[in-house]
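Chemist: Structure incoming, see below.
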Amino acid sequence: MLKLAEVEFEDFRIELNEWMEWKSKFYGTNSLEGARIDVIYETLLELLTPLYAVYAEKDEEKRKVLLETFKKDNVEPTLSNIETLWNEYGHKEYLVGDEITLADIYFFSQINDVFARFIPEFELDDHSDLKTLYEKIGALPRMKAWLQERPVTER
């Protein structure tokens, strides 16, 4: 698509062994943890579909109504589901085990990027354990550095 649109890009590819090495860093220590990471990731991913309607709405009043419905019907139940999964998985240091995984990174990204854009007043106050996890991830030196140096996206 990019070539058809005459957009310049770098076609960066990695070998399968490089992918497996990278994947293993954030995909748990075994297949059970990998499956649990997938469940949390997919649970969070389901938030995006109803959010598209909010994003696409041009009428500000309708957009406000859609956003309130999204918060009530999607955000709160999803966060409660994440808490339930975390408890079922043993409520360790991170969402799946004692090491940071894709599940934690995606959770942080959803709150930090998506919610901040569409629900700037959003707080995790009703989800104290998730709030603590969010703050912990954001305070990791490499995450903190990336957040400060990354380009700002307006979309």
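In the structure tokens, each chain is lettered A, B, ... as it comes, each chain's residues begin at 1, and ligands are numbered from 1 in order of appearance.
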Counting only C-alpha atoms, which residues of region 8-41 of chain A sit at most 12 Å from some atom of region 57-79 of chain A, and what is each one's closest atom pair with its distance in Å to one decimal, listed by chain and rising residue number, as a tab-separated table?

Modeler:
residue	atom	partner	partner_atom	distance
A:Val39	CA	A:Thr78	CA	11.9
A:Ile40	CA	A:Thr78	CA	9.8
A:Tyr41	CA	A:Thr78	CA	11.2

Chemist: Residues at most 10 Å from region 23-28 of chain A, counting only C-alpha atoms, excluding those fewer than 5 positions away in the same chain, as a PyMOL selection string?

Modeler: chain A and resi 17-18+33-38+96-105

Chemist: Write the residues of the preceding selection, restricted to N, CA and C atoms, as a PDB file, in the first residue's frame.

Modeler:
ATOM      1  N   ASN A  17      14.427 -16.559  13.822  1.00  0.00           N
ATOM      2  CA  ASN A  17      15.141 -16.741  15.091  1.00  0.00           C
ATOM      3  C   ASN A  17      15.251 -15.425  15.868  1.00  0.00           C
ATOM      4  N   GLU A  18      15.371 -14.307  15.169  1.00  0.00           N
ATOM      5  CA  GLU A  18      15.398 -13.005  15.848  1.00  0.00           C
ATOM      6  C   GLU A  18      14.032 -12.695  16.461  1.00  0.00           C
ATOM      7  N   GLU A  33       1.780 -18.993  30.247  1.00  0.00           N
ATOM      8  CA  GLU A  33       1.888 -17.540  30.384  1.00  0.00           C
ATOM      9  C   GLU A  33       1.635 -16.854  29.051  1.00  0.00           C
ATOM     10  N   GLY A  34       2.118 -17.434  27.956  1.00  0.00           N
ATOM     11  CA  GLY A  34       1.855 -16.872  26.629  1.00  0.00           C
ATOM     12  C   GLY A  34       0.368 -16.791  26.343  1.00  0.00           C
ATOM     13  N   ALA A  35      -0.359 -17.836  26.701  1.00  0.00           N
ATOM     14  CA  ALA A  35      -1.814 -17.847  26.497  1.00  0.00           C
ATOM     15  C   ALA A  35      -2.485 -16.781  27.366  1.00  0.00           C
ATOM     16  N   ARG A  36      -2.032 -16.641  28.591  1.00  0.00           N
ATOM     17  CA  ARG A  36      -2.604 -15.628  29.490  1.00  0.00           C
ATOM     18  C   ARG A  36      -2.320 -14.223  28.971  1.00  0.00           C
ATOM     19  N   ILE A  37      -1.149 -14.019  28.427  1.00  0.00           N
ATOM     20  CA  ILE A  37      -0.806 -12.723  27.829  1.00  0.00           C
ATOM     21  C   ILE A  37      -1.761 -12.441  26.675  1.00  0.00           C
ATOM     22  N   ASP A  38      -1.995 -13.442  25.843  1.00  0.00           N
ATOM     23  CA  ASP A  38      -2.927 -13.286  24.721  1.00  0.00           C
ATOM     24  C   ASP A  38      -4.322 -12.906  25.200  1.00  0.00           C
ATOM     25  N   VAL A  96       0.944 -10.995  34.319  1.00  0.00           N
ATOM     26  CA  VAL A  96       1.191 -12.427  34.093  1.00  0.00           C
ATOM     27  C   VAL A  96       2.597 -12.742  34.608  1.00  0.00           C
ATOM     28  N   GLY A  97       2.718 -13.011  35.868  1.00  0.00           N
ATOM     29  CA  GLY A  97       4.014 -13.412  36.411  1.00  0.00           C
ATOM     30  C   GLY A  97       4.779 -12.281  37.064  1.00  0.00           C
ATOM     31  N   ASP A  98       6.072 -12.548  37.243  1.00  0.00           N
ATOM     32  CA  ASP A  98       6.938 -11.611  37.962  1.00  0.00           C
ATOM     33  C   ASP A  98       7.804 -10.740  37.060  1.00  0.00           C
ATOM     34  N   GLU A  99       7.650 -10.899  35.761  1.00  0.00           N
ATOM     35  CA  GLU A  99       8.396 -10.093  34.797  1.00  0.00           C
ATOM     36  C   GLU A  99       7.417  -9.344  33.904  1.00  0.00           C
ATOM     37  N   ILE A 100       7.812  -8.182  33.432  1.00  0.00           N
ATOM     38  CA  ILE A 100       6.954  -7.417  32.529  1.00  0.00           C
ATOM     39  C   ILE A 100       6.780  -8.185  31.219  1.00  0.00           C
ATOM     40  N   THR A 101       5.545  -8.153  30.693  1.00  0.00           N
ATOM     41  CA  THR A 101       5.235  -8.854  29.442  1.00  0.00           C
ATOM     42  C   THR A 101       4.479  -7.915  28.514  1.00  0.00           C
ATOM     43  N   LEU A 102       4.184  -8.435  27.341  1.00  0.00           N
ATOM     44  CA  LEU A 102       3.373  -7.698  26.377  1.00  0.00           C
ATOM     45  C   LEU A 102       2.048  -7.263  26.990  1.00  0.00           C
ATOM     46  N   ALA A 103       1.468  -8.078  27.864  1.00  0.00           N
ATOM     47  CA  ALA A 103       0.200  -7.730  28.507  1.00  0.00           C
ATOM     48  C   ALA A 103       0.333  -6.426  29.289  1.00  0.00           C
ATOM     49  N   ASP A 104       1.414  -6.285  30.038  1.00  0.00           N
ATOM     50  CA  ASP A 104       1.631  -5.067  30.835  1.00  0.00           C
ATOM     51  C   ASP A 104       1.906  -3.864  29.945  1.00  0.00           C
ATOM     52  N   ILE A 105       2.707  -4.077  28.925  1.00  0.00           N
ATOM     53  CA  ILE A 105       3.058  -2.974  28.015  1.00  0.00           C
ATOM     54  C   ILE A 105       1.813  -2.486  27.274  1.00  0.00           C
TER      55      ILE A 105
END

Chemist: So what do you get for CA of Tyr106 (chain A) versus CA of Leu45 (chain A), distance-wise?

Modeler: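 We find that CA of Tyr106 (chain A) and CA of Leu45 (chain A) lie 8.8 Å from each other.
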
Chemist: Contacts of region 144-147 of chain A at 12 Å or less, counting only C-alpha atoms, minus same-chain residues fewer than 4 places along, as a PyMOL selection string?

Modeler: chain A and resi 108-109+112-113+134-140+151-153

Chemist: Output all heavy atoms of each residue in that selection to a file, as a compact mmCIF listing (two decimals), in the first residue's frame.

Modeler:
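File result20.txt, as written:
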# COMPACT_ATOMS: atom_id res chain seq x y z
N PHE A 108 -0.45 -0.59 29.69
CA PHE A 108 0.10 0.75 29.90
C PHE A 108 -0.19 1.64 28.69
O PHE A 108 -0.62 2.78 28.83
CB PHE A 108 1.60 0.68 30.16
CG PHE A 108 2.21 2.03 30.39
CD1 PHE A 108 2.19 2.60 31.65
CD2 PHE A 108 2.77 2.74 29.35
CE1 PHE A 108 2.73 3.86 31.86
CE2 PHE A 108 3.31 4.00 29.54
CZ PHE A 108 3.29 4.56 30.81
N SER A 109 0.03 1.10 27.51
CA SER A 109 -0.19 1.86 26.28
C SER A 109 -1.64 2.29 26.13
O SER A 109 -1.92 3.43 25.74
CB SER A 109 0.24 1.00 25.08
OG SER A 109 -0.10 1.64 23.89
N ASN A 112 -2.18 5.07 28.79
CA ASN A 112 -1.34 6.24 28.55
C ASN A 112 -1.64 6.94 27.22
O ASN A 112 -1.59 8.16 27.15
CB ASN A 112 0.14 5.84 28.61
CG ASN A 112 1.04 7.04 28.63
OD1 ASN A 112 1.04 7.79 29.60
ND2 ASN A 112 1.77 7.24 27.56
N ASP A 113 -1.93 6.17 26.21
CA ASP A 113 -2.11 6.75 24.89
C ASP A 113 -3.58 6.90 24.50
O ASP A 113 -4.05 7.98 24.20
CB ASP A 113 -1.38 5.92 23.83
CG ASP A 113 0.12 5.88 24.07
OD1 ASP A 113 0.66 6.83 24.64
OD2 ASP A 113 0.74 4.87 23.71
N TYR A 134 0.16 0.55 36.65
CA TYR A 134 0.35 1.57 35.62
C TYR A 134 1.49 2.52 36.01
O TYR A 134 2.38 2.81 35.20
CB TYR A 134 -0.95 2.35 35.41
CG TYR A 134 -0.81 3.54 34.50
CD1 TYR A 134 -0.77 3.37 33.13
CD2 TYR A 134 -0.69 4.82 35.01
CE1 TYR A 134 -0.63 4.45 32.28
CE2 TYR A 134 -0.55 5.91 34.18
CZ TYR A 134 -0.52 5.72 32.81
OH TYR A 134 -0.36 6.79 31.97
N GLU A 135 1.48 2.99 37.23
CA GLU A 135 2.52 3.91 37.70
C GLU A 135 3.88 3.23 37.73
O GLU A 135 4.90 3.85 37.41
CB GLU A 135 2.15 4.47 39.07
CG GLU A 135 0.95 5.40 39.00
CD GLU A 135 0.37 5.78 40.36
OE1 GLU A 135 0.76 5.16 41.38
OE2 GLU A 135 -0.48 6.69 40.39
N LYS A 136 3.90 1.97 38.12
CA LYS A 136 5.15 1.21 38.17
C LYS A 136 5.76 1.07 36.78
O LYS A 136 6.96 1.27 36.59
CB LYS A 136 4.86 -0.17 38.77
CG LYS A 136 6.04 -1.10 38.81
CD LYS A 136 5.58 -2.42 39.40
CE LYS A 136 6.69 -3.41 39.49
NZ LYS A 136 6.28 -4.61 40.18
N ILE A 137 4.93 0.72 35.80
CA ILE A 137 5.42 0.58 34.42
C ILE A 137 5.92 1.92 33.90
O ILE A 137 6.98 2.01 33.29
CB ILE A 137 4.33 -0.01 33.51
CG1 ILE A 137 3.99 -1.43 33.95
CG2 ILE A 137 4.77 0.01 32.05
CD1 ILE A 137 2.73 -2.00 33.32
N GLY A 138 5.17 2.98 34.15
CA GLY A 138 5.56 4.31 33.68
C GLY A 138 6.84 4.82 34.32
O GLY A 138 7.52 5.67 33.77
N ALA A 139 7.18 4.29 35.49
CA ALA A 139 8.38 4.73 36.21
C ALA A 139 9.62 3.92 35.83
O ALA A 139 10.74 4.28 36.23
CB ALA A 139 8.15 4.63 37.71
N LEU A 140 9.44 2.84 35.06
CA LEU A 140 10.61 2.07 34.63
C LEU A 140 11.53 2.99 33.83
O LEU A 140 11.05 3.72 32.95
CB LEU A 140 10.18 0.88 33.78
CG LEU A 140 9.40 -0.22 34.49
CD1 LEU A 140 8.83 -1.21 33.49
CD2 LEU A 140 10.29 -0.93 35.50
N PRO A 151 8.06 11.02 19.70
CA PRO A 151 7.32 12.08 19.01
C PRO A 151 5.87 12.13 19.51
O PRO A 151 5.31 11.10 19.89
CB PRO A 151 7.34 11.65 17.54
CG PRO A 151 8.32 10.53 17.45
CD PRO A 151 8.51 9.97 18.80
N VAL A 152 5.30 13.30 19.50
CA VAL A 152 3.91 13.47 19.93
C VAL A 152 3.02 13.16 18.72
O VAL A 152 3.26 13.65 17.62
CB VAL A 152 3.66 14.92 20.42
CG1 VAL A 152 2.20 15.13 20.72
CG2 VAL A 152 4.53 15.21 21.62
N THR A 153 1.99 12.35 18.96
CA THR A 153 1.05 12.02 17.91
C THR A 153 -0.28 12.69 18.23
O THR A 153 -0.78 12.56 19.35
CB THR A 153 0.84 10.49 17.82
OG1 THR A 153 2.10 9.89 17.58
CG2 THR A 153 -0.12 10.12 16.73

Chemist: Choose the residue, out of A:Arg142, A:His91, A:Arg150, A:Arg13, that has the smallest atom-to-atom separation from Asp129 (chain A); count only C-alpha atoms.

Modeler: A:His91

Chemist: What is the distance, in Å and to one decimal place, between CA of Leu130 (chain A) and CA of Ile82 (chain A)?

Modeler: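 Result for CA of Leu130 (chain A) versus CA of Ile82 (chain A): 8.6 Å, one decimal.
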
Chemist: Would you mind reading off the distance between CA of Leu133 (chain A) and CA of Tyr94 (chain A), one decimal, in Å?

Modeler: 7.1 Å

Chemist: Using the chain letters and numbers from this document, which residues of chain A does DSSP assign to alpha helix (DSSP H), as a count of residues only?

Modeler: 91

Chemist: Nearest to Leu95 (chain A) among A:Glu121, A:Asp11, A:Ala116, A:Asn81, with distances taken over only C-alpha atoms: which residue is it?

Modeler: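 Of A:Glu121, A:Asp11, A:Ala116, A:Asn81, the one nearest Leu95 (chain A) is A:Asn81, counting only C-alpha atoms.
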
Chemist: Which one of A:Leu85, A:Val7, A:Leu48, A:Met143 sits closest to Gln110 (chain A) if you count only C-alpha atoms?

Modeler: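 When distances to Gln110 (chain A) are compared using only C-alpha atoms, the smallest one comes from A:Leu48.
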